[in-house]
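First the structure, in the form of structure tokens, and then the observations on it.
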Amino acid sequence: MTDTNEKMRSLFLAAIMVFSVFAMTTGFAGSAAAASNLNAGTFYSGQEVQFTANNANTDYEVRTVDQSSDNDQVGALRRTVNSGDNEVVSFDLDGRLSEGDFVIQNGETGDVVNLNTGGEEDTANDLKARNTFEVVPQDLTADFDDSSVGTEGDSAEVEFEIASDVRNGYAVNISSDNLDRDELSDIFTRSGDLSEDDVIDDPDTEKDDLVGINDDDRDAAEDEFFADTEKIQIVADAAEGEFTLDFTDIDEGNYTVETSVVDANASDSDDIEVVDTGDDQASFEDGVVSEERGDVANISIQLDNTDEATVQIGDKDDDNYFAIAEVTDDNEDGVAHVKFNTWKAGATSVAADNVITPGDDETTVDYAEQHNYGDFGDTNAGQDILEATDYDMLVVNGHIGVEANESENAEVENEDDVGTLSLGERSTENVQVWRAPSDAYGDEISDLESDETAPIYDLIEAGNITQTDEAAINDVNDDIIVQVEASGLEGVLSDDGDIDTSTYGDASGAETDSDGDLTDNPFQLGFEDDDPGANTDSDITDISDAVANDEYKVIYDEANDTHFVAIDGASLSDADNGGLDLEDEDEYAANFTVYDQTSDLVDDDDDSEVVNDSVEFLDAEATLNNDDDITLQAAAGQQLSGTTNVAPSTEVTVRFRSQSSSSPFLLQPETAVTSNGTFTATADFSERSPGTNFTAQTRSNGNDIGDDIGGTLVDSPTATVSISDQESDGSEVTVDSVQLSSGGFIAIHEGDAGGDVIGNSDYLNQGSQEDITITLDEPMDENFTAVAMPHLDTNGNEEYEFSGGSTDGPYTANGSAVTDSANVTVSAEEPTDTPADTDTPADTDTPADTPADTDTPADTPADTDEATTTAADGPGFTAVLALVALVAAALLAVRRNN
């Protein structure tokens, strides 16, 4: 009975499955798309294809192409179809026909179909290209280039791309939940990338244009398509590409846009979030922009829901001048930056787009104009500079069509925001001369950009550029840096808004020419001889004439109204090629002048503004060991100090040379000049013989500086020292022993050999000494490690004067200082007198002899029994243990019985 029921249940389930499959097939057939005519080409998975056969009611077999032999042959059977009465064979490229190369063979004759003509031919064992067709899956991507989009203005636009790698010329259906047909159509056509003809969305006029629907019952298929009110179709010629979609006035929310090819199994979807971004708006990032006359004002414009704006500076009625420009934020980051050159403003010879210029690479000034009224303006830049006052700035979103307005000068109206350009008076404040090592210009400065100031300040911070009133020349030529503090010069040196200091030499020069006529030089940087000699006036040599081959670089710091003129020292003193004819002890003033007659930077009624700073040029010199004969040890770590007048941080070499026949050598340790003009070189003479004579010479850049000094190597002094762990009150330590071959001192370091010196001994004679007590400079209040280090008395004055150099340096062994260390325990000092009121009473003193009654008696007194019975090993504890053990045993027995 059960088997029968199970069989009936199986039959019933099978019937349901068959019915389901049948129903599914019927459903697919009812919604079938129009078939494509089959030919010897490429088709795509999911397409329906058809061809007209030569024979009615005949089975045709769709088979694979067997490519295993030299000739393509008919392969395995994949599907059988019948031509019916009308000889039309239709089938879908799905299932086992969704990918591969296929051939159609007459099931009765074995002939294969010529797909180009419809005829049949006997080529089953030698298939031709006309007999086969290819089926490939179609890929499809349909993506937004952003995850969100606004609802107004430019922010409502987003890029959307439909693409397929393997197919062109296909139509797609577009659908999205919560977006109706009209909204979808507006989104895809509003920008103009797709026309109304490209999008099928009107059920009344565009039914006949639909593709990919069931042509067997087209009317029903058309009604079915348009019954879905959340779908549009993009025609085949327009579907692939990148389009700007416009979501203006679409409700906020998240939307999924589905894109599917109408006749193939290819689809894709992407999500977009619509956010309310409000109206288009332009505003000034800074309501007030402050600059000095002649400088360049940086103006930033905030853009909301747009990437275009029109900005105006000045007002016709109030200022007799205004400039206006249409700008675009190219990278759509919401900010456009422009620069306004106040030096060039109003100059009729200067194009307006060189007055208002892009402030960065991501902003475009699309069009600009400037207009002068009244008496303002001049032909050349700088001759009539905007006055020091406040100027209105206006901005509005979008481009207002400045260029198209030919009848009158367009101005910003209905502005979104108002700001102020506040122009102040410019000034000439100061000049300061700095110097740097002779290779600083070539290695660190010459390749800098015009506004690359950070490396200059880094060199100053590191001590490589230092303020000075003297500089070395001849054997070593210090590089010179002239710092000028003066505002209002940015516009002179700006090209298209960017600082370009390569024109500095063109702007700098004399106020009048040789005929006494005014030049167009607004300023001059030059060098003036402070002592030109008797009966002559001092002339200023312009920077371009003072430096051979123009080997100088100007670095401009806009933020601080400062510029640095870095000069190659060798070129400054190269008289043969146009530099200054500098000699030892020549003193020059670096003069910077802003003229009152050649431009409007200084009022005509005022005098030219002049600032200067003097520098004395000296032959490079160096002194070793105070010009005294040198004595060094035949050991490692020997130091020799010197002084020099070359720039701090200059690299110098001390050349030690011996021509001794028994121990010749050449050592050249390198070092650098410190900020106070000293240097110390360290050399290793451990492999040289005592008694060897040598000379020492300071060198830099391959040249000798100063005189050479003679010297002698002597035996290396030796020392030993021993110190033990000890207790101390913190004011002194004791060294157990010391042996000094040449006398000297013991220094005490805290912690390790590199720690602070916290005390030193008096002078100790040569030989051995023991128990040397050394008083510390300051008492120690906690335990510490004391490191004892013997030191030489190199200058023989019996005073400890070691400060890190060669004077009174430490005794060494194998290149390291001789040391020993010990732990010092700091303890409080014991009181020496016991106060009277703390004396122990006489009746409590312990007698010299212990009385008999304090001995332990043979029998324990009764009053001590209680103490013994409460001990852990007493009989009371044993009884308790026994009782606990008995109870535990009983419990265990019960558990076992259970």
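If you're wondering about the labels, chains in the structure tokens are A, B, ... by order shown, residues count from 1 in each chain, ligands from 1 in order shown.
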For segment 709-720 of chain A, work out the shell of residues within 9 Å, counting only C-alpha atoms and skipping chain neighbours fewer than 5 positions away, then give it as a PyMOL selection string. chain A and resi 623-625+627-635+685-686+688-697+737-742+790-792+811-813+818-820
Output C-alpha atoms for every residue in the selection just made, as a CSV table (one decimal), in the first residue's frame.
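In the end it all went to again10.csv:
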```
chain,number,residue,atom,x,y,z
A,623,THR,CA,94.1,79.3,12.2
A,624,LEU,CA,95.0,75.9,13.7
A,625,ASN,CA,95.9,75.5,17.4
A,627,ASP,CA,99.1,79.1,15.5
A,628,ASP,CA,101.1,77.2,18.2
A,629,ASP,CA,103.1,74.1,17.5
A,630,ILE,CA,100.9,71.0,17.7
A,631,THR,CA,101.5,67.9,19.9
A,632,LEU,CA,99.3,64.9,19.3
A,633,GLN,CA,99.6,61.4,20.5
A,634,ALA,CA,100.3,58.4,18.4
A,635,ALA,CA,96.8,57.1,19.2
A,685,PHE,CA,97.5,58.1,14.5
A,686,SER,CA,97.5,54.8,16.3
A,688,ARG,CA,102.1,56.0,13.4
A,689,SER,CA,105.4,56.2,15.3
A,690,PRO,CA,106.0,58.5,18.2
A,691,GLY,CA,108.5,61.2,17.4
A,692,THR,CA,107.2,61.7,13.8
A,693,ASN,CA,107.0,65.3,12.7
A,694,PHE,CA,104.2,66.5,10.5
A,695,THR,CA,102.4,69.6,9.2
A,696,ALA,CA,98.7,70.4,9.4
A,697,GLN,CA,96.9,72.6,6.8
A,737,SER,CA,93.0,53.9,42.8
A,738,VAL,CA,94.3,55.6,39.7
A,739,GLN,CA,97.6,55.5,37.7
A,740,LEU,CA,98.4,58.4,35.4
A,741,SER,CA,101.4,58.4,33.2
A,742,SER,CA,101.3,62.1,32.6
A,790,PRO,CA,90.9,60.0,34.0
A,791,HIS,CA,91.7,63.2,32.1
A,792,LEU,CA,95.0,64.7,30.8
A,811,TYR,CA,93.0,59.2,28.6
A,812,THR,CA,92.2,56.6,26.0
A,813,ALA,CA,92.9,53.0,25.3
A,818,VAL,CA,89.5,54.8,30.1
A,819,THR,CA,86.7,54.3,32.7
A,820,ASP,CA,85.5,52.3,35.6
```
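Residues with any atom within 7 Å of Ile313 of chain A, counting only C-alpha atoms and excluding same-chain neighbours fewer than 3 positions away, are Phe322, Ala323, Ile324, Tyr391, Asp392, Met393 and Leu394 of chain A.
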With N, CA, C and O atoms retained, export the selected residues as a JSON list (two decimals), in the first residue's frame.
```json
[["chain", "number", "residue", "atom", "x", "y", "z"],
["A", 322, "PHE", "N", 36.22, 98.64, -13.06],
["A", 322, "PHE", "CA", 35.84, 97.30, -12.61],
["A", 322, "PHE", "C", 36.39, 96.27, -13.60],
["A", 322, "PHE", "O", 36.61, 96.56, -14.78],
["A", 323, "ALA", "N", 36.65, 95.10, -13.08],
["A", 323, "ALA", "CA", 37.05, 93.95, -13.90],
["A", 323, "ALA", "C", 36.04, 92.85, -13.66],
["A", 323, "ALA", "O", 35.50, 92.70, -12.55],
["A", 324, "ILE", "N", 35.75, 92.09, -14.70],
["A", 324, "ILE", "CA", 34.74, 91.03, -14.60],
["A", 324, "ILE", "C", 35.24, 89.81, -15.36],
["A", 324, "ILE", "O", 35.92, 89.94, -16.39],
["A", 391, "TYR", "N", 37.29, 97.77, -2.20],
["A", 391, "TYR", "CA", 36.61, 97.57, -3.47],
["A", 391, "TYR", "C", 35.58, 96.45, -3.31],
["A", 391, "TYR", "O", 35.89, 95.40, -2.75],
["A", 392, "ASP", "N", 34.38, 96.68, -3.84],
["A", 392, "ASP", "CA", 33.35, 95.65, -3.79],
["A", 392, "ASP", "C", 33.73, 94.49, -4.69],
["A", 392, "ASP", "O", 34.27, 94.67, -5.79],
["A", 393, "MET", "N", 33.43, 93.28, -4.22],
["A", 393, "MET", "CA", 33.53, 92.08, -5.05],
["A", 393, "MET", "C", 32.14, 91.46, -5.11],
["A", 393, "MET", "O", 31.48, 91.27, -4.08],
["A", 394, "LEU", "N", 31.69, 91.13, -6.32],
["A", 394, "LEU", "CA", 30.38, 90.53, -6.54],
["A", 394, "LEU", "C", 30.57, 89.19, -7.23],
["A", 394, "LEU", "O", 31.45, 89.04, -8.09]]
```
For segment 417-421 of chain A, list every protein, DNA or RNA residue within 10 Å, evaluated using only C-alpha atoms, and leave out those in the same chain fewer than 3 positions away; present the list as a ChimeraX atom specification. /A:281-291,297-299,301,311-314,340,389-397,414,424
Write the selection just made, keeping N, CA, C and O atoms, as a short mmCIF file (atom, residue, chain, number, x, y, z; two decimals), in the first residue's frame?
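The new file out-v1.cif reads:
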```cif
data_model
loop_
_atom_site.label_atom_id
_atom_site.label_comp_id
_atom_site.auth_asym_id
_atom_site.auth_seq_id
_atom_site.Cartn_x
_atom_site.Cartn_y
_atom_site.Cartn_z
N GLN A 281 24.51 78.16 -6.22
CA GLN A 281 24.96 79.26 -5.37
C GLN A 281 26.45 79.47 -5.54
O GLN A 281 27.22 78.51 -5.64
N ALA A 282 26.86 80.72 -5.58
CA ALA A 282 28.28 81.09 -5.59
C ALA A 282 28.52 82.06 -4.44
O ALA A 282 27.70 82.95 -4.19
N SER A 283 29.64 81.89 -3.75
CA SER A 283 29.95 82.77 -2.62
C SER A 283 31.46 82.87 -2.48
O SER A 283 32.21 82.05 -2.99
N PHE A 284 31.89 83.92 -1.76
CA PHE A 284 33.32 84.12 -1.52
C PHE A 284 33.74 83.32 -0.28
O PHE A 284 33.07 83.37 0.75
N GLU A 285 34.82 82.57 -0.41
CA GLU A 285 35.33 81.81 0.73
C GLU A 285 35.76 82.75 1.85
O GLU A 285 35.54 82.46 3.03
N ASP A 286 36.36 83.87 1.50
CA ASP A 286 36.73 84.90 2.48
C ASP A 286 35.99 86.18 2.11
O ASP A 286 36.16 86.71 1.00
N GLY A 287 35.19 86.68 3.05
CA GLY A 287 34.41 87.87 2.78
C GLY A 287 35.27 89.09 2.54
O GLY A 287 34.89 90.01 1.81
N VAL A 288 36.45 89.12 3.18
CA VAL A 288 37.38 90.24 3.00
C VAL A 288 38.73 89.67 2.58
O VAL A 288 39.29 88.80 3.26
N VAL A 289 39.23 90.13 1.45
CA VAL A 289 40.56 89.75 0.96
C VAL A 289 41.45 90.98 1.07
O VAL A 289 41.14 92.03 0.49
N SER A 290 42.53 90.87 1.84
CA SER A 290 43.41 92.02 2.08
C SER A 290 44.73 91.84 1.33
O SER A 290 45.33 90.76 1.36
N GLU A 291 45.17 92.90 0.67
CA GLU A 291 46.45 92.92 -0.02
C GLU A 291 46.99 94.34 -0.03
O GLU A 291 46.28 95.29 0.31
N ALA A 297 46.07 89.66 -5.45
CA ALA A 297 45.06 89.19 -4.50
C ALA A 297 44.58 87.80 -4.90
O ALA A 297 44.28 87.55 -6.07
N ASN A 298 44.53 86.88 -3.92
CA ASN A 298 44.02 85.53 -4.15
C ASN A 298 42.58 85.47 -3.69
O ASN A 298 42.28 85.69 -2.51
N ILE A 299 41.67 85.15 -4.61
CA ILE A 299 40.24 85.14 -4.34
C ILE A 299 39.70 83.74 -4.60
O ILE A 299 39.90 83.19 -5.69
N ILE A 301 36.33 81.20 -4.65
CA ILE A 301 34.88 81.24 -4.82
C ILE A 301 34.31 79.86 -4.53
O ILE A 301 34.70 78.88 -5.17
N VAL A 311 32.52 86.66 -11.63
CA VAL A 311 33.01 87.47 -10.53
C VAL A 311 33.35 88.86 -11.04
O VAL A 311 33.87 89.02 -12.15
N GLN A 312 33.03 89.87 -10.24
CA GLN A 312 33.33 91.25 -10.58
C GLN A 312 34.07 91.91 -9.43
O GLN A 312 33.72 91.73 -8.26
N ILE A 313 35.11 92.68 -9.77
CA ILE A 313 35.91 93.41 -8.77
C ILE A 313 35.87 94.89 -9.13
O ILE A 313 36.24 95.27 -10.25
N GLY A 314 35.42 95.70 -8.20
CA GLY A 314 35.31 97.14 -8.44
C GLY A 314 33.93 97.52 -8.93
O GLY A 314 33.07 96.67 -9.24
N PHE A 340 43.96 88.33 -8.82
CA PHE A 340 43.71 89.67 -9.35
C PHE A 340 44.99 90.48 -9.17
O PHE A 340 45.43 90.74 -8.04
N THR A 389 42.18 101.43 -0.92
CA THR A 389 40.82 101.58 -0.39
C THR A 389 40.11 100.24 -0.50
O THR A 389 40.73 99.24 -0.90
N ASP A 390 38.83 100.20 -0.15
CA ASP A 390 38.05 98.97 -0.24
C ASP A 390 37.28 98.94 -1.56
O ASP A 390 36.65 99.94 -1.95
N TYR A 391 37.29 97.77 -2.20
CA TYR A 391 36.61 97.57 -3.47
C TYR A 391 35.58 96.45 -3.31
O TYR A 391 35.89 95.40 -2.75
N ASP A 392 34.38 96.68 -3.84
CA ASP A 392 33.35 95.65 -3.79
C ASP A 392 33.73 94.49 -4.69
O ASP A 392 34.27 94.67 -5.79
N MET A 393 33.43 93.28 -4.22
CA MET A 393 33.53 92.08 -5.05
C MET A 393 32.14 91.46 -5.11
O MET A 393 31.48 91.27 -4.08
N LEU A 394 31.69 91.13 -6.32
CA LEU A 394 30.38 90.53 -6.54
C LEU A 394 30.57 89.19 -7.23
O LEU A 394 31.45 89.04 -8.09
N VAL A 395 29.72 88.23 -6.89
CA VAL A 395 29.79 86.93 -7.56
C VAL A 395 28.39 86.37 -7.71
O VAL A 395 27.53 86.56 -6.84
N VAL A 396 28.15 85.71 -8.85
CA VAL A 396 26.87 85.07 -9.11
C VAL A 396 27.15 83.74 -9.79
O VAL A 396 28.17 83.57 -10.48
N ASN A 397 26.29 82.75 -9.54
CA ASN A 397 26.50 81.44 -10.16
C ASN A 397 26.24 81.52 -11.66
O ASN A 397 25.41 82.31 -12.13
N ASN A 414 22.00 90.89 -9.49
CA ASN A 414 21.38 89.81 -8.70
C ASN A 414 22.44 88.86 -8.15
O ASN A 414 22.31 87.62 -8.24
N GLY A 424 45.70 97.95 0.86
CA GLY A 424 46.41 98.84 1.77
C GLY A 424 47.64 99.42 1.09
O GLY A 424 48.03 99.01 -0.01
#
```
Can you work out which one of A:Glu452, A:Asp513, A:Glu87, A:Asp619 has the shortest atom-to-atom distance to Thr501 of chain A, counting only C-alpha atoms? A:Glu452
Calculate how many Å separate atom CA of Glu687 of chain A from atom CA of Asn814 of chain A, rounding to one decimal. 11.4 Å
